[in-house]
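**Q** Pasting in a structure now, in C-alpha cells, and then I'll have a few things to ask.
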Amino acid sequence: MVDRVAVFIDYENAHRTGHGLFGGVGQPKYETVLDPLKVAEALVSKRRFAGELTDVWVFRGRPVPEHQPKPASSNDLQAEAWSEDERVHVIRRDLKYDFWDDGTFTAREKGIDVALAVGLTEGALDGAFDVAIVFSGDTDLLPALELVFRRHLAKLEIATWSGAKPLWFADFLRQTPPRHLPFCHFLNETDFLAFRDYSAIDE
C-alpha cells in the first residue's frame, strides 16, 4: 500500500522564515515567493517510504484590496495559479489592520494557525490521508500536532528550513537520550531557490 500524503503549509511562516535564512541581503520578500506544489512534491520525494501526494493545503493571509491593492492582486493571482492543480487548496483569511495617526498601518494574519489546526485535525479524524506533513514553525500548532500524533489519527511528520527550529515535542526532547519527534524534513537554500514562484511576476 502506498501512503496518501497531505501537506499542510503555514504559508507566511514558511515564506518569512525561508526568506530570513536564504533571501539575501536587501532582497524583498515578494521576489522570494514559494510555489506550494513544488514544496509539497519535494517533501513527498524526500520521504523514506513510498507515498502519493494527494492534497496540498495552503493557509495564507490575504491583503485587503482597499488598503493594499497591488499585494492583494498578486495574492489573488498566485492563489488562482496554484489552484489550477486540483490537489492544491488555498485557504485564505483577510489580514487585520492597525492604523496609526500618521496614516500608516501594520497588517497581520489572524486565525491562520487555527484554520490549519482545524483542517489537520478534521482531515485526520475523517481518514482523508495516511500521512500529514506540516510545514511551519508556529508553536501555536503544537496542541493539534500532539493530538494527531498521540491518538494515532494519522502518521505525522513536520518540515522546516535548515537553521530553523523544528516543532519537535518537548516531552520527547526531555527524555534521556532526547528523541526528536515527529520526524522532521529539513529543507535547504537550494530547495528555497528551486521552489520559487513566478505566477505574479508581472504585478
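Labeling convention for the C-alpha cells: chains A, B, ... as they appear, residues from 1 per chain, ligands from 1 in order of appearance.
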Within 12 Å of Leu147 of chain A, counting only C-alpha atoms, which residues qualify if same-chain residues fewer than 2 places away don't, as a PyMOL selection string?

**A** chain A and resi 117-118+120-122+124-125+141-145+149-156+169

**Q** Now that the selection is made, can you save its residues with N, CA and C atoms as a PDB file, in the first residue's frame?

**A**
```
ATOM      1  N   ALA A 117      -4.852  24.186  12.083  1.00  0.00           N
ATOM      2  CA  ALA A 117      -5.049  23.177  13.128  1.00  0.00           C
ATOM      3  C   ALA A 117      -6.370  22.444  12.935  1.00  0.00           C
ATOM      4  N   VAL A 118      -7.428  23.186  12.631  1.00  0.00           N
ATOM      5  CA  VAL A 118      -8.746  22.571  12.411  1.00  0.00           C
ATOM      6  C   VAL A 118      -8.713  21.675  11.173  1.00  0.00           C
ATOM      7  N   LEU A 120      -6.155  20.177   9.755  1.00  0.00           N
ATOM      8  CA  LEU A 120      -5.343  18.993  10.026  1.00  0.00           C
ATOM      9  C   LEU A 120      -6.124  17.985  10.860  1.00  0.00           C
ATOM     10  N   THR A 121      -6.728  18.445  11.942  1.00  0.00           N
ATOM     11  CA  THR A 121      -7.449  17.550  12.843  1.00  0.00           C
ATOM     12  C   THR A 121      -8.671  16.945  12.172  1.00  0.00           C
ATOM     13  N   GLU A 122      -9.411  17.765  11.456  1.00  0.00           N
ATOM     14  CA  GLU A 122     -10.609  17.275  10.774  1.00  0.00           C
ATOM     15  C   GLU A 122     -10.244  16.223   9.726  1.00  0.00           C
ATOM     16  N   ALA A 124      -7.579  14.325   9.636  1.00  0.00           N
ATOM     17  CA  ALA A 124      -7.094  13.118  10.302  1.00  0.00           C
ATOM     18  C   ALA A 124      -8.260  12.297  10.857  1.00  0.00           C
ATOM     19  N   LEU A 125      -9.229  12.958  11.467  1.00  0.00           N
ATOM     20  CA  LEU A 125     -10.392  12.260  12.012  1.00  0.00           C
ATOM     21  C   LEU A 125     -11.224  11.609  10.912  1.00  0.00           C
ATOM     22  N   LEU A 141       0.598  25.662  16.886  1.00  0.00           N
ATOM     23  CA  LEU A 141       0.067  24.463  16.243  1.00  0.00           C
ATOM     24  C   LEU A 141       0.324  23.195  17.047  1.00  0.00           C
ATOM     25  N   LEU A 142       1.179  23.283  18.058  1.00  0.00           N
ATOM     26  CA  LEU A 142       1.590  22.079  18.776  1.00  0.00           C
ATOM     27  C   LEU A 142       0.435  21.270  19.367  1.00  0.00           C
ATOM     28  N   PRO A 143      -0.579  21.883  19.984  1.00  0.00           N
ATOM     29  CA  PRO A 143      -1.668  21.053  20.524  1.00  0.00           C
ATOM     30  C   PRO A 143      -2.342  20.183  19.466  1.00  0.00           C
ATOM     31  N   ALA A 144      -2.566  20.726  18.279  1.00  0.00           N
ATOM     32  CA  ALA A 144      -3.185  19.939  17.204  1.00  0.00           C
ATOM     33  C   ALA A 144      -2.246  18.837  16.733  1.00  0.00           C
ATOM     34  N   LEU A 145      -0.967  19.160  16.591  1.00  0.00           N
ATOM     35  CA  LEU A 145       0.003  18.152  16.173  1.00  0.00           C
ATOM     36  C   LEU A 145       0.081  17.020  17.200  1.00  0.00           C
ATOM     37  N   PHE A 149      -0.774  13.046  16.651  1.00  0.00           N
ATOM     38  CA  PHE A 149       0.340  12.120  16.903  1.00  0.00           C
ATOM     39  C   PHE A 149      -0.011  11.109  17.994  1.00  0.00           C
ATOM     40  N   ARG A 150      -0.505  11.588  19.121  1.00  0.00           N
ATOM     41  CA  ARG A 150      -0.724  10.717  20.274  1.00  0.00           C
ATOM     42  C   ARG A 150      -1.948   9.818  20.098  1.00  0.00           C
ATOM     43  N   ARG A 151      -2.923  10.276  19.353  1.00  0.00           N
ATOM     44  CA  ARG A 151      -4.115   9.455  19.113  1.00  0.00           C
ATOM     45  C   ARG A 151      -3.947   8.553  17.890  1.00  0.00           C
ATOM     46  N   HIS A 152      -2.810   8.653  17.227  1.00  0.00           N
ATOM     47  CA  HIS A 152      -2.528   7.841  16.033  1.00  0.00           C
ATOM     48  C   HIS A 152      -3.618   8.027  14.976  1.00  0.00           C
ATOM     49  N   LEU A 153      -4.069   9.251  14.831  1.00  0.00           N
ATOM     50  CA  LEU A 153      -5.105   9.531  13.836  1.00  0.00           C
ATOM     51  C   LEU A 153      -4.541   9.450  12.423  1.00  0.00           C
ATOM     52  N   ALA A 154      -3.247   9.716  12.288  1.00  0.00           N
ATOM     53  CA  ALA A 154      -2.531   9.606  11.014  1.00  0.00           C
ATOM     54  C   ALA A 154      -1.045   9.634  11.342  1.00  0.00           C
ATOM     55  N   LYS A 155      -0.229   9.197  10.410  1.00  0.00           N
ATOM     56  CA  LYS A 155       1.210   9.368  10.579  1.00  0.00           C
ATOM     57  C   LYS A 155       1.513  10.854  10.434  1.00  0.00           C
ATOM     58  N   LEU A 156       2.287  11.383  11.354  1.00  0.00           N
ATOM     59  CA  LEU A 156       2.561  12.810  11.360  1.00  0.00           C
ATOM     60  C   LEU A 156       4.044  13.075  11.159  1.00  0.00           C
ATOM     61  N   PHE A 169       8.297  17.732  19.816  1.00  0.00           N
ATOM     62  CA  PHE A 169       7.526  17.724  21.048  1.00  0.00           C
ATOM     63  C   PHE A 169       8.453  17.751  22.262  1.00  0.00           C
TER      64      PHE A 169
END
```

**Q** Quick one: residues within 9 Å of Arg92 of chain A, only C-alpha atoms counted, chain neighbours fewer than 2 positions away excluded, as a PyMOL selection string?

**A** chain A and resi 58-62+79+90+94+112

**Q** Just how far from atom CA of His67 of chain A is atom CA of Asp138 of chain A, in Å to one decimal?

**A**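 Atom-to-atom, atom CA of Asp138 of chain A to atom CA of His67 of chain A, that is 26.5 Å.
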
**Q** Excluding Phe49 of chain A and its own-chain neighbours fewer than 4 positions away, which residues fall within 10 Å of it when counting only C-alpha atoms? Please give them as a ChimeraX atom specification.

**A** /A:2-3,44-45

**Q** Could those selected residues go to a file with C-alpha atoms, as a PDB file, in the first residue's frame?

**A**
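Saved result, selection-v1.pdb, follows:
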```pdb
ATOM      1  CA  VAL A   2       1.221   3.480  -0.890  1.00  0.00           C
ATOM      2  CA  ASP A   3       0.583   6.165   1.722  1.00  0.00           C
ATOM      3  CA  VAL A  44       7.000  13.643  -0.540  1.00  0.00           C
ATOM      4  CA  SER A  45      10.009  12.732  -2.694  1.00  0.00           C
TER       5      SER A  45
END
```

**Q** Of the candidates A:Ala115, A:Val134, A:Val7, A:Ala194, which shows the shortest atom-to-atom distance to Pro166 of chain A, using only C-alpha atoms?

**A**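 Checking each candidate against Pro166 of chain A, we get A:Val134 as the closest.
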
**Q** Quick one: pick out all helix (DSSP H, G or I) residues within segment 1-193 of chain A from a backbone DSSP run and write them as an MDAnalysis selection string.

**A** chainID A and resid 11:22 29:31 36:46 69:82 112:125 139:150 170:173 189:193

**Q** Residues of segment 10-67 of chain A that have any atom at most 9 Å from an atom of segment 176-188 of chain A: could you tabulate them with the shortest-distance atom pair and the distance in Å to one decimal, using only C-alpha atoms, ordered by chain and increasing number, as a tab-separated table?

**A**
```
residue	atom	partner	partner_atom	distance
A:Gly18	CA	A:Asn188	CA	8.8
A:Phe22	CA	A:Asn188	CA	8.5
A:Leu43	CA	A:His185	CA	7.1
A:Lys46	CA	A:His185	CA	7.7
A:Arg47	CA	A:His185	CA	8.2
```

**Q** Just checking: using only C-alpha atoms, which residue out of A:Ala14, A:Ser199, A:Ala170, A:Tyr30 ends up closest to Pro71 of chain A?

**A** A:Tyr30

**Q** Quick one: distance from atom CA of Ile158 of chain A to atom CA of Asp130 of chain A in Å, one decimal?

**A**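 According to the coordinates, atom CA of Ile158 of chain A and atom CA of Asp130 of chain A are separated by 14.1 Å.
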
**Q** Near Ala107 of chain A, within 9 Å and counting only C-alpha atoms, which residues show up once chain neighbours fewer than 5 positions away are dropped, as number ranges by chain?

**A** A: 63, 95-99

**Q** Go ahead and compute the interatomic distance for atom CA of Asn75 of chain A and atom CA of Arg108 of chain A, in Å to one decimal.

**A**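 That distance, rounded to one decimal, is 14.7 Å.
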
**Q** Contacts of Leu53 of chain A at 7 Å or less, counting only C-alpha atoms, minus same-chain residues fewer than 2 places along, as a list in words?

**A** Arg4, Val5, Ala6, Glu41, Val44, Gly51 and Asp55 of chain A

**Q** Store the residues picked out above, limited to N, CA, C and O atoms, as an mmCIF file, in the first residue's frame.

**A**
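Contents of the output file part.cif:
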```
data_model
loop_
_atom_site.group_PDB
_atom_site.id
_atom_site.type_symbol
_atom_site.label_atom_id
_atom_site.label_comp_id
_atom_site.auth_asym_id
_atom_site.auth_seq_id
_atom_site.Cartn_x
_atom_site.Cartn_y
_atom_site.Cartn_z
ATOM 1 N N ARG A 4 -1.185 7.754 1.323
ATOM 2 C CA ARG A 4 -1.749 9.005 0.814
ATOM 3 C C ARG A 4 -1.187 10.136 1.689
ATOM 4 O O ARG A 4 -1.403 10.139 2.898
ATOM 5 N N VAL A 5 -0.480 11.058 1.064
ATOM 6 C CA VAL A 5 0.208 12.103 1.817
ATOM 7 C C VAL A 5 -0.449 13.450 1.555
ATOM 8 O O VAL A 5 -0.615 13.865 0.402
ATOM 9 N N ALA A 6 -0.798 14.132 2.628
ATOM 10 C CA ALA A 6 -1.313 15.503 2.552
ATOM 11 C C ALA A 6 -0.292 16.427 3.202
ATOM 12 O O ALA A 6 0.224 16.136 4.284
ATOM 13 N N GLU A 41 5.705 18.507 -3.337
ATOM 14 C CA GLU A 41 6.263 17.402 -4.126
ATOM 15 C C GLU A 41 7.669 17.046 -3.645
ATOM 16 O O GLU A 41 8.029 15.859 -3.585
ATOM 17 N N VAL A 44 7.412 15.028 -0.323
ATOM 18 C CA VAL A 44 7.000 13.643 -0.540
ATOM 19 C C VAL A 44 8.148 12.834 -1.146
ATOM 20 O O VAL A 44 8.373 11.675 -0.788
ATOM 21 N N GLY A 51 5.077 7.223 -1.062
ATOM 22 C CA GLY A 51 3.853 7.958 -0.790
ATOM 23 C C GLY A 51 3.377 8.681 -2.032
ATOM 24 O O GLY A 51 4.164 9.004 -2.924
ATOM 25 N N ASP A 55 -3.022 15.812 -1.517
ATOM 26 C CA ASP A 55 -3.567 17.144 -1.242
ATOM 27 C C ASP A 55 -2.477 18.060 -0.701
ATOM 28 O O ASP A 55 -1.601 17.621 0.056
#
```

**Q** So, counting only C-alpha atoms, which residue among A:Leu21, A:Ile91, A:Leu167, A:Val64 is closest to Leu193 of chain A?

**A**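 Closest to Leu193 of chain A, using only C-alpha atoms: A:Leu21.
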
**Q** What's around Ile201 of chain A at 12 Å? Count only C-alpha atoms, leave out sequence neighbours fewer than 5 positions away in its own chain, and write the answer as an mmCIF file with N, CA and C atoms, in the first residue's frame.

**A**
```cif
data_model
loop_
_atom_site.group_PDB
_atom_site.id
_atom_site.type_symbol
_atom_site.label_atom_id
_atom_site.label_comp_id
_atom_site.auth_asym_id
_atom_site.auth_seq_id
_atom_site.Cartn_x
_atom_site.Cartn_y
_atom_site.Cartn_z
ATOM 1 N N TYR A 30 8.632 39.785 -1.738
ATOM 2 C CA TYR A 30 7.763 39.451 -2.860
ATOM 3 C C TYR A 30 8.528 38.821 -4.021
ATOM 4 N N GLU A 31 9.859 38.882 -3.970
ATOM 5 C CA GLU A 31 10.670 38.237 -5.001
ATOM 6 C C GLU A 31 11.074 36.815 -4.606
ATOM 7 N N THR A 32 10.681 36.363 -3.422
ATOM 8 C CA THR A 32 11.066 35.018 -2.973
ATOM 9 C C THR A 32 9.836 34.164 -2.657
ATOM 10 N N VAL A 33 8.748 34.445 -3.347
ATOM 11 C CA VAL A 33 7.507 33.711 -3.121
ATOM 12 C C VAL A 33 7.711 32.234 -3.439
ATOM 13 N N LYS A 70 -2.146 46.396 -4.739
ATOM 14 C CA LYS A 70 -1.189 45.615 -5.518
ATOM 15 C C LYS A 70 -0.848 44.283 -4.856
ATOM 16 N N PRO A 71 -0.532 44.258 -3.543
ATOM 17 C CA PRO A 71 -0.311 42.955 -2.905
ATOM 18 C C PRO A 71 -1.544 42.049 -2.976
ATOM 19 N N SER A 73 -3.782 41.968 -5.386
ATOM 20 C CA SER A 73 -3.847 41.439 -6.747
ATOM 21 C C SER A 73 -2.850 40.306 -6.944
ATOM 22 N N SER A 74 -1.631 40.483 -6.466
ATOM 23 C CA SER A 74 -0.620 39.434 -6.585
ATOM 24 C C SER A 74 -1.051 38.181 -5.826
ATOM 25 N N ASN A 75 -1.587 38.383 -4.629
ATOM 26 C CA ASN A 75 -2.054 37.275 -3.801
ATOM 27 C C ASN A 75 -3.153 36.494 -4.529
ATOM 28 N N LEU A 77 -3.701 36.379 -7.832
ATOM 29 C CA LEU A 77 -3.130 35.702 -8.998
ATOM 30 C C LEU A 77 -2.404 34.421 -8.590
ATOM 31 N N GLN A 78 -1.689 34.497 -7.493
ATOM 32 C CA GLN A 78 -0.968 33.319 -7.021
ATOM 33 C C GLN A 78 -1.937 32.220 -6.601
ATOM 34 N N ALA A 81 -3.369 30.624 -9.699
ATOM 35 C CA ALA A 81 -2.400 29.781 -10.399
ATOM 36 C C ALA A 81 -2.162 28.472 -9.647
ATOM 37 N N ARG A 196 10.891 28.623 -6.065
ATOM 38 C CA ARG A 196 10.467 29.982 -6.403
ATOM 39 C C ARG A 196 9.232 29.987 -7.301
#
```

**Q** Where does DSSP see strand (DSSP E) in segment 1-164 of chain A, if you list the residues as number ranges by chain?

**A** A: 3-10, 51-62, 88-94, 96-99, 105-108, 131-135, 155-161
